[in-house]
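Report on the structure given below.
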Amino acid sequence: MDEKLEKALGFSNLATILNNQKRILKEQYDEELVFYHAGGKFKADRTLFSFVCNLDSEDAVIIDENSVPVKIEVEEFKNLVKSHYTTASDNFLSRYKAISNKRSVEGIVDV
Amino acid sequence: MSNGVLCFANNNEINYIKQAEQLAIRIKKYMGLPTSLCTSDQYSNSGKIFDKIIKLKEGQPNNKRYYDTVDFKTLNFKNYSRCKSYDLSPYDKTLVLDVDYIITNNKLSDAFINGDFKIYRHGVDLCPWRKYKEFDFINDKGVPFYWATCFYFVKNQEHKIFFDLLKHISENWNHYKMVYDIDARNFRNDHLFSIGIHMMNGFEDNDWAKPMPGKMYYTLDRDELIEIDKEKLKFLLEKEHTRNEYILGSIRDANVHVMNKFSLERLL
């Protein structure tokens, strides 16, 4: 194991590893944006965030990620979208900053 | 309504039951659910790790090449019982998982919110360069590939029809293998489920099977799991255009399907 590890470290390209870890963080960000409500599946991305912020009725029908129409209570749903968007984005930022500052392979993968 | 996880483990040179134990412990810790084990091996369950032990009668084993990065062994394996999950499960709502799946969060709990059959259509390879079309389609005709690694079903008439169909396809595998133009040498549950879903979809690319919650991250048997630290996993990932050379990679708070079973066993 140690020999393999040393060999891997020797061959490793810092940029390749950094880019791969950034790719994985982005995948996890996309995953964290997804939430379930009223039997529907939603992604709290910028599009949905903007859309629900512009709704001025008490109830609305939103088409979920599986193309199923779901009736929601607007204020409650708006808070959910905001909460998931904020949490996921804050996590993404802190993780991204943590690896971007590292200048060694071990530092990047140990974050 | 009872909820639970079902897993299958038939030991060969690899101790799948040991892997199933780590799965059940993690399922309990992160999802708070019971796990039942289906096995053709003797198992006492004295530690009460599993909710129930379900005895299997497995048929003739297959031969398969198991890689441990560049080295490999050809071993017998038995994997014909997954299509019997509906009959075997003691739960009303069941999540079925491969034993080499490492759970580090509760995202899969969201599968239990409704009664749709759920399965992953795509996974996320932790290795940055690999793009295998065999994980997109089961043949050149564009029939979608689904991962039988992880799926969710409930006890209802529609899902019973699906699992009865899977048993029929499995019993007539050579016919369906030919009709669907599958060139893999060995029987694969991924292919069986993909064919079943294609038929349930009316022989079209449709949405009868819904996506599982979260993402299924995976590494292949050419990679090596080198560290498990609670929610953090560290890997050596196969390097492009090389042999026996790797890049380091890690992931935290993600559920990962680790296909190098030898490396997983070394760390348990």
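Ordering of the structure tokens sets the chain letters (A, B, ...), residue numbers begin anew at 1 in every chain, and ligands are numbered from 1 in the order given.
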Could you list, as a VMD selection string, every residue within 9 Å of stretch 84-98 of chain B, counting only C-alpha atoms and ignoring same-chain residues fewer than 6 positions away?
chain B and resid 1 to 9 20 23 36 38 52 54 108 to 109 111 to 112 115 148 to 156 159 to 160 163 to 164 166 to 167 257
What are the closest atom pairs, with distances in Å to one decimal, for all residues of stretch 39-102 of chain A lying within 8 Å of stretch 19-25 of chain A? Consider only C-alpha atoms, order rows by chain and residue number, and present the result as CSV.
```
residue,atom,partner,partner_atom,distance
A:Phe92,CA,A:Leu25,CA,6.8
A:Arg95,CA,A:Leu25,CA,7.5
A:Tyr96,CA,A:Lys22,CA,6.9
```
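Using only C-alpha atoms, we find that the part of chain B lying within 9 Å of chain A comprises Asp110, Ile113, Asn114, Val124, Leu126, Cys127, Pro128, Asp207, Lys210, Pro211, Pro213, Gly214, Lys215, Ile226, Lys232, Lys234, Leu236, Lys239, Asn244, Glu245, Tyr246, Ile247, Leu248, Gly249, Ser250, Ile251, Arg252, Asp253 and Ala254 of chain B.
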Preceding selection exported with C-alpha atoms as a PDB file, in the first residue's frame:
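File produced: result32.pdb:
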```
ATOM      1  CA  ASP B 110     -36.104  10.189   0.800  1.00  0.00           C
ATOM      2  CA  ILE B 113     -41.664   9.383   0.657  1.00  0.00           C
ATOM      3  CA  ASN B 114     -43.926   7.743  -1.927  1.00  0.00           C
ATOM      4  CA  VAL B 124     -21.122   9.544 -10.940  1.00  0.00           C
ATOM      5  CA  LEU B 126     -15.159   9.483  -9.059  1.00  0.00           C
ATOM      6  CA  CYS B 127     -12.480   8.935 -11.692  1.00  0.00           C
ATOM      7  CA  PRO B 128     -12.416  12.042 -13.893  1.00  0.00           C
ATOM      8  CA  ASP B 207     -40.442   7.205 -16.885  1.00  0.00           C
ATOM      9  CA  LYS B 210     -38.240   7.148 -11.112  1.00  0.00           C
ATOM     10  CA  PRO B 211     -34.715   8.221 -10.111  1.00  0.00           C
ATOM     11  CA  PRO B 213     -32.813  10.372  -4.406  1.00  0.00           C
ATOM     12  CA  GLY B 214     -29.290  11.758  -4.250  1.00  0.00           C
ATOM     13  CA  LYS B 215     -26.481  10.539  -6.462  1.00  0.00           C
ATOM     14  CA  ILE B 226      -7.470   3.167   0.740  1.00  0.00           C
ATOM     15  CA  LYS B 232     -14.807  10.427   4.458  1.00  0.00           C
ATOM     16  CA  LYS B 234     -10.133   8.149   0.106  1.00  0.00           C
ATOM     17  CA  LEU B 236      -6.526   5.667  -5.603  1.00  0.00           C
ATOM     18  CA  LYS B 239      -4.869   7.194 -14.189  1.00  0.00           C
ATOM     19  CA  ASN B 244      -0.739   0.656 -12.258  1.00  0.00           C
ATOM     20  CA  GLU B 245      -0.593   4.412 -11.839  1.00  0.00           C
ATOM     21  CA  TYR B 246      -3.155   6.383  -9.898  1.00  0.00           C
ATOM     22  CA  ILE B 247      -4.330   9.780  -8.783  1.00  0.00           C
ATOM     23  CA  LEU B 248      -5.627  10.398  -5.294  1.00  0.00           C
ATOM     24  CA  GLY B 249      -9.253  11.298  -4.769  1.00  0.00           C
ATOM     25  CA  SER B 250     -11.561  11.710  -1.814  1.00  0.00           C
ATOM     26  CA  ILE B 251     -15.195  12.336  -1.028  1.00  0.00           C
ATOM     27  CA  ARG B 252     -17.047  13.201   2.151  1.00  0.00           C
ATOM     28  CA  ASP B 253     -20.696  12.779   3.101  1.00  0.00           C
ATOM     29  CA  ALA B 254     -21.597  10.790  -0.024  1.00  0.00           C
TER      30      ALA B 254
END
```
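Residues in contact with B:Ala24 at up to 9 Å, not including ones fewer than 4 positions away on its chain and judged by only C-alpha atoms, are Val5, Cys7, Gln19, Ala20, Lys28, Lys29, Leu33, Pro34, Thr35, Ser36, Leu37, Ile49, Phe50 and Val99 of chain B.
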Restricted to C-alpha atoms, what would the selected residues look like written as a compact mmCIF listing (two decimals), in the first residue's frame?
```
# COMPACT_ATOMS: atom_id res chain seq x y z
CA VAL B 5 -33.31 -2.52 3.72
CA CYS B 7 -29.23 -7.06 0.92
CA GLN B 19 -19.43 -6.36 3.84
CA ALA B 20 -23.17 -6.78 4.50
CA LYS B 28 -28.80 1.80 11.22
CA LYS B 29 -26.48 4.69 12.07
CA LEU B 33 -33.58 1.44 9.41
CA PRO B 34 -33.37 -2.33 9.93
CA THR B 35 -31.52 -4.49 7.39
CA SER B 36 -32.37 -8.07 6.45
CA LEU B 37 -29.77 -10.36 4.92
CA ILE B 49 -26.70 -6.88 13.32
CA PHE B 50 -29.45 -7.97 10.97
CA VAL B 99 -23.25 -4.86 0.13
```
If you count only C-alpha atoms, which residues fall within 7 Å of B:Leu192, apart from same-chain ones fewer than 3 positions away, as JSON, numbers by chain?
{"B": [166, 170, 188, 189, 195, 196]}
Find the residues around stretch 61-69 of chain B up to 8 Å (only C-alpha atoms counted), leave out those fewer than 4 positions away in its own chain, and share them as a VMD selection string.
chain B and resid 73 to 79 186 to 187 221 to 224 238 244 260 to 263
I'd like the interatomic distance between atom CA of B:Tyr80 and atom CA of B:Asn45, to a tenth of an Å.
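Result for atom CA of B:Tyr80 versus atom CA of B:Asn45: 23.1 Å, one decimal.
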